[in-house]
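> Take a look at run-v4.txt, compact mmCIF, C-alpha atoms:
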```txt
# COMPACT_ATOMS: atom_id res chain seq x y z
CA ASP A 16 0.00 0.00 0.00
CA THR A 17 1.61 3.25 -1.11
CA GLY A 18 -0.89 5.56 0.59
CA VAL A 19 -0.67 7.38 3.92
CA SER A 20 -0.62 4.99 6.86
CA GLN A 21 -1.26 5.59 10.53
CA ASP A 22 -0.62 3.53 13.61
CA PRO A 23 -2.38 2.55 15.77
CA ARG A 24 -5.83 2.61 14.22
CA HIS A 25 -7.52 2.63 17.62
CA LYS A 26 -6.30 3.67 21.04
CA ILE A 27 -8.18 3.51 24.31
CA THR A 28 -6.51 5.15 27.27
CA LYS A 29 -7.32 6.41 30.71
CA ARG A 30 -7.45 10.08 31.52
CA GLY A 31 -4.04 11.39 32.47
CA GLN A 32 -2.05 8.92 30.40
CA ASN A 33 0.24 9.88 27.52
CA VAL A 34 -0.34 8.59 24.00
CA THR A 35 1.71 8.72 20.82
CA PHE A 36 0.52 8.25 17.25
CA ARG A 37 2.56 7.67 14.14
CA CYS A 38 1.98 8.73 10.55
CA ASP A 39 3.86 7.53 7.48
CA PRO A 40 3.18 9.81 4.50
CA ILE A 41 3.34 8.95 0.83
CA SER A 42 7.07 8.50 0.31
CA GLU A 43 7.85 11.43 -1.99
CA HIS A 44 5.57 13.91 -0.22
CA ASN A 45 7.35 16.74 1.55
CA ARG A 46 4.41 18.14 3.51
CA LEU A 47 2.68 16.33 6.35
CA TYR A 48 -0.42 17.56 8.19
CA TRP A 49 -2.24 16.57 11.34
CA TYR A 50 -5.97 17.16 11.71
CA ARG A 51 -8.48 16.24 14.38
CA GLN A 52 -12.05 15.20 13.58
CA THR A 53 -14.89 14.85 16.04
CA LEU A 54 -18.27 13.31 15.30
CA GLY A 55 -20.34 15.38 12.91
CA GLN A 56 -17.57 17.85 12.15
CA GLY A 57 -15.07 18.43 9.41
CA PRO A 58 -11.38 17.87 10.07
CA GLU A 59 -9.76 20.67 12.09
CA PHE A 60 -6.17 21.62 11.41
CA LEU A 61 -3.62 20.97 14.16
CA THR A 62 -0.17 21.42 12.62
CA TYR A 63 1.91 20.77 9.54
CA PHE A 64 5.49 20.14 8.50
CA GLN A 65 7.43 20.83 5.37
CA ASN A 66 10.26 18.33 5.46
CA GLU A 67 11.54 18.49 9.06
CA ALA A 68 10.31 22.01 9.78
CA GLN A 69 7.07 22.55 11.67
CA LEU A 70 5.64 25.53 9.81
CA GLU A 71 2.36 26.18 11.58
CA LYS A 72 0.54 25.17 14.74
CA SER A 73 -3.13 25.76 15.43
CA ARG A 74 -4.37 27.37 18.61
CA LEU A 75 -6.12 24.02 19.13
CA LEU A 76 -2.71 22.51 19.81
CA SER A 77 -2.31 23.08 23.53
CA ASP A 78 0.91 22.62 25.47
CA ARG A 79 -0.05 18.99 26.01
CA PHE A 80 0.29 18.27 22.29
CA SER A 81 3.59 17.94 20.50
CA ALA A 82 4.43 16.78 17.02
CA GLU A 83 7.71 15.87 15.41
CA ARG A 84 9.00 14.88 12.02
CA PRO A 85 12.68 14.32 12.79
CA LYS A 86 13.93 13.05 9.45
CA GLY A 87 11.36 14.58 7.19
CA SER A 88 9.64 11.24 6.66
CA PHE A 89 7.30 9.82 9.31
CA SER A 90 5.77 11.99 12.02
CA THR A 91 4.61 11.41 15.57
CA LEU A 92 1.90 13.22 17.51
CA GLU A 93 2.07 12.94 21.29
CA ILE A 94 -0.66 13.94 23.70
CA GLN A 95 0.38 14.22 27.33
CA ARG A 96 -1.99 13.97 30.29
CA THR A 97 -4.93 13.05 28.09
CA GLU A 98 -8.37 14.48 28.85
CA GLN A 99 -11.79 13.20 27.84
CA GLY A 100 -12.09 16.12 25.43
CA ASP A 101 -9.15 14.72 23.47
CA SER A 102 -11.32 11.83 22.28
CA ALA A 103 -11.47 12.17 18.50
CA MET A 104 -10.19 10.80 15.24
CA TYR A 105 -6.67 12.04 14.53
CA LEU A 106 -6.03 12.23 10.81
CA CYS A 107 -2.74 12.61 9.03
CA ALA A 108 -2.42 13.84 5.46
CA SER A 109 0.45 14.44 3.07
CA SER A 110 1.04 16.44 -0.07
CA LEU A 111 3.78 17.32 -2.52
CA VAL A 112 4.55 20.99 -2.71
CA GLY A 113 6.04 22.13 -5.95
CA GLY A 114 4.40 19.38 -7.94
CA ALA A 115 1.72 19.91 -10.51
CA GLU A 116 -1.02 19.42 -7.97
CA ASN A 117 -1.35 20.20 -4.30
CA GLU A 118 -3.86 17.64 -3.14
CA GLN A 119 -3.74 16.41 0.43
CA PHE A 120 -4.12 12.65 0.78
CA PHE A 121 -5.44 11.39 4.07
CA GLY A 122 -4.55 8.38 6.13
CA PRO A 123 -7.15 6.11 7.79
CA GLY A 124 -6.84 7.92 11.10
CA THR A 125 -6.24 6.94 14.70
CA ARG A 126 -9.38 6.89 16.81
CA LEU A 127 -8.58 7.93 20.37
CA THR A 128 -10.95 7.20 23.23
CA VAL A 129 -10.09 8.67 26.62
CA LEU A 130 -11.96 7.05 29.49
CA GLY B 28 -8.36 33.11 9.09
CA GLU B 29 -10.62 31.44 6.59
CA ASN B 30 -14.20 30.47 7.44
CA VAL B 31 -15.95 27.86 5.30
CA GLU B 32 -19.69 27.36 5.64
CA GLN B 33 -21.44 24.36 4.09
CA HIS B 34 -25.11 23.69 3.39
CA PRO B 35 -27.19 21.66 3.75
CA SER B 36 -26.03 19.50 6.65
CA THR B 37 -28.19 16.60 5.43
CA LEU B 38 -29.52 15.82 1.98
CA SER B 39 -31.73 12.95 0.89
CA VAL B 40 -32.40 12.22 -2.76
CA GLN B 41 -33.91 9.43 -4.82
CA GLU B 42 -31.59 7.34 -6.92
CA GLY B 43 -31.14 8.98 -10.30
CA ASP B 44 -31.83 12.51 -9.04
CA SER B 45 -29.23 15.24 -8.78
CA ALA B 46 -27.66 16.52 -5.57
CA VAL B 47 -26.14 19.93 -4.96
CA ILE B 48 -24.04 20.96 -1.96
CA LYS B 49 -23.01 24.57 -1.49
CA CYS B 50 -20.12 26.21 0.34
CA THR B 51 -19.08 29.78 0.99
CA TYR B 52 -15.68 31.06 2.07
CA SER B 53 -14.48 34.30 3.57
CA ASP B 54 -10.82 34.70 2.56
CA SER B 55 -10.49 36.26 -0.88
CA ALA B 56 -6.92 34.92 -1.05
CA SER B 57 -8.13 31.31 -1.06
CA ASN B 58 -7.48 29.77 -4.45
CA TYR B 59 -7.85 26.02 -4.04
CA PHE B 60 -11.16 24.30 -3.29
CA PRO B 61 -11.22 20.51 -2.89
CA TRP B 62 -14.16 18.26 -2.12
CA TYR B 63 -13.75 15.13 -0.03
CA LYS B 64 -16.05 12.13 0.35
CA GLN B 65 -15.95 10.24 3.63
CA GLU B 66 -17.76 6.96 4.04
CA LEU B 67 -18.52 5.73 7.53
CA GLY B 68 -15.34 4.73 9.32
CA LYS B 69 -13.15 5.51 6.31
CA ARG B 70 -10.62 8.19 5.46
CA PRO B 71 -11.64 11.36 3.59
CA GLN B 72 -10.99 10.85 -0.11
CA LEU B 73 -10.52 13.64 -2.61
CA ILE B 74 -13.15 13.39 -5.33
CA ILE B 75 -12.69 16.65 -7.22
CA ASP B 76 -11.04 20.02 -6.79
CA ILE B 77 -11.02 23.39 -8.49
CA ARG B 78 -8.59 26.25 -8.58
CA SER B 79 -9.51 29.89 -8.76
CA ASN B 80 -8.42 30.30 -12.36
CA VAL B 81 -11.38 28.25 -13.64
CA GLY B 82 -15.11 28.51 -13.05
CA GLU B 83 -16.18 24.89 -13.52
CA LYS B 84 -14.69 21.43 -13.60
CA LYS B 85 -16.35 18.13 -14.43
CA ASP B 86 -15.45 14.51 -13.88
CA GLN B 87 -18.08 12.09 -15.11
CA ARG B 88 -21.11 12.48 -12.81
CA ILE B 89 -19.57 15.09 -10.53
CA ALA B 90 -18.89 18.74 -11.18
CA VAL B 91 -17.77 21.71 -9.16
CA THR B 92 -18.52 25.36 -9.89
CA LEU B 93 -16.77 28.37 -8.42
CA ASN B 94 -17.94 31.96 -8.17
CA LYS B 95 -14.98 34.01 -6.95
CA THR B 96 -16.92 37.25 -6.81
CA ALA B 97 -19.55 35.81 -4.51
CA LYS B 98 -17.01 33.57 -2.74
CA HIS B 99 -19.00 30.40 -3.12
CA PHE B 100 -18.51 27.02 -4.74
CA SER B 101 -20.79 24.06 -5.23
CA LEU B 102 -20.62 20.32 -5.78
CA HIS B 103 -23.06 18.81 -8.25
CA ILE B 104 -23.67 15.07 -8.47
CA THR B 105 -25.90 13.87 -11.29
CA GLU B 106 -27.62 10.49 -11.69
CA THR B 107 -27.01 9.69 -8.04
CA GLN B 108 -26.50 6.09 -6.96
CA PRO B 109 -26.80 4.47 -3.51
CA GLU B 110 -23.00 4.19 -3.36
CA ASP B 111 -22.82 7.99 -3.44
CA SER B 112 -24.22 7.96 0.10
CA ALA B 113 -21.54 9.42 2.37
CA VAL B 114 -20.50 12.63 4.11
CA TYR B 115 -19.12 15.24 1.74
CA PHE B 116 -16.77 17.99 2.92
CA CYS B 117 -15.78 21.12 1.08
CA ALA B 118 -12.53 22.86 1.93
CA ALA B 119 -10.46 25.87 0.97
CA ASN B 120 -6.91 27.11 1.24
CA ARG B 121 -4.38 29.41 -0.37
CA GLY B 122 -2.73 26.60 -2.27
CA SER B 123 0.95 26.10 -1.58
CA THR B 124 1.28 29.47 0.15
CA LEU B 125 -0.56 28.28 3.24
CA GLY B 126 -0.74 24.56 3.82
CA ARG B 127 -3.74 24.08 6.03
CA LEU B 128 -7.15 23.21 4.65
CA TYR B 129 -10.20 24.84 6.17
CA PHE B 130 -13.11 22.42 6.09
CA GLY B 131 -16.85 22.88 6.11
CA ARG B 132 -18.89 20.92 8.62
CA GLY B 133 -19.97 18.32 6.09
CA THR B 134 -23.14 17.20 4.31
CA GLN B 135 -24.59 13.76 4.95
CA LEU B 136 -25.91 12.63 1.56
CA THR B 137 -28.32 9.71 1.48
CA VAL B 138 -29.39 8.26 -1.85
CA TRP B 139 -32.49 6.07 -1.61
CA PRO B 140 -32.85 3.23 -4.11
```
Translate the structure described by the file into structure tokens.

Amino acid sequence: DTGVSQDPRHKITKRGQNVTFRCDPISEHNRLYWYRQTLGQGPEFLTYFQNEAQLEKSRLLSDRFSAERPKGSFSTLEIQRTEQGDSAMYLCASSLVGGAENEQFFGPGTRLTVL
Amino acid sequence: GENVEQHPSTLSVQEGDSAVIKCTYSDSASNYFPWYKQELGKRPQLIIDIRSNVGEKKDQRIAVTLNKTAKHFSLHITETQPEDSAVYFCAANRGSTLGRLYFGRGTQLTVWP
């Protein structure tokens, strides 16, 4: 499968625990995005990287959230001290800037449930 | 920042009828407008997009129109089929200048056989 992949697909955790998600973009894509989607809503932007550089962070991304893309390939999103309000689908997307098109391709998401 | 509004939130049509979903945006600098289809439990999938240098784009049964002056764009699905049933999201951004997509809240389309 050459599309965007995410791991794990589902995560159940207790309030206060830390969780980490991984995203592997399409191999030649230089931009990687994280979005959060709650039931009945469209995806909301969290942050994005161009290569290794984190270019923008949403105000939604509190101090408990951190994202990295150390080698410009895969990315991780960590949530510390999880809260019930963090329960959502976390979507990763990638795109190729400078190519003929600029479409963002989404991964299957990681569904987080905080008990 | 950009604000994308989408209507209606739900839409039910009979198989074979047409469906139209409308979106408005606020940022006149937005120049890229994709539409995503999301089936239950699946990832959003790009079905069509349009850039601000054209007013209409078609791909088989789906088409998108853009009115830059009025800042609105619409998705048109003709000859709907039950497999078109899904949530459809419109989005907007400034293309490669600003990476993030701003999404509408989605339209649940149900096509009855």
> Within 12 Å of chain B, which residues belong to chain A? Use only C-alpha atoms and report them as number ranges by chain.
A: 18-21, 24-25, 45-65, 69-74, 104-126
> Around all the atoms of segment 30-40 of chain A listed in the file, draw an axis-aligned box and extend it by 8 Å on each of the six sides; I want its centre and edge lengths in Å to one decimal, as JSON.

```
{"center_x": -1.8, "center_y": 9.5, "center_z": 18.5, "size_x": 27.3, "size_y": 19.9, "size_z": 44.0}
```
> Need to verify the contact set: Asn30 of chain B, 8 Å, only C-alpha atoms, exclusion of same-chain residues closer than 3 positions in sequence. Can you return it as a PDB file with C-alpha atoms, in the frame of the given file?

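Contents of out.pdb, freshly written:
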```pdb
ATOM      1  CA  TYR B  52     -15.680  31.060   2.070  1.00  0.00           C
ATOM      2  CA  SER B  53     -14.480  34.300   3.570  1.00  0.00           C
ATOM      3  CA  ASP B  54     -10.820  34.700   2.560  1.00  0.00           C
ATOM      4  CA  TYR B 129     -10.200  24.840   6.170  1.00  0.00           C
TER       5      TYR B 129
END
```
> Counting only C-alpha atoms, note down every residue that has an atom within 6 Å of the point (-10.5, 9.2, 32.2) (file coordinates), as a count of residues only.
4
> Rounded to one decimal in Å, what is the spacing between atom CA of Pro109 of chain B and atom CA of Leu136 of chain B?
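Interatomic distance, atom CA of Pro109 of chain B to atom CA of Leu136 of chain B: 9.6 Å.
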> Mind listing whatever residues come within 8 Å of the point (-11.9, 9.3, 21.4)? Use all atoms listed in the file, file coordinates, and give them as a list in words.
Lys26, Ile27, Gln99, Gly100, Asp101, Ser102, Ala103, Met104, Arg126, Leu127, Thr128 and Val129 of chain A
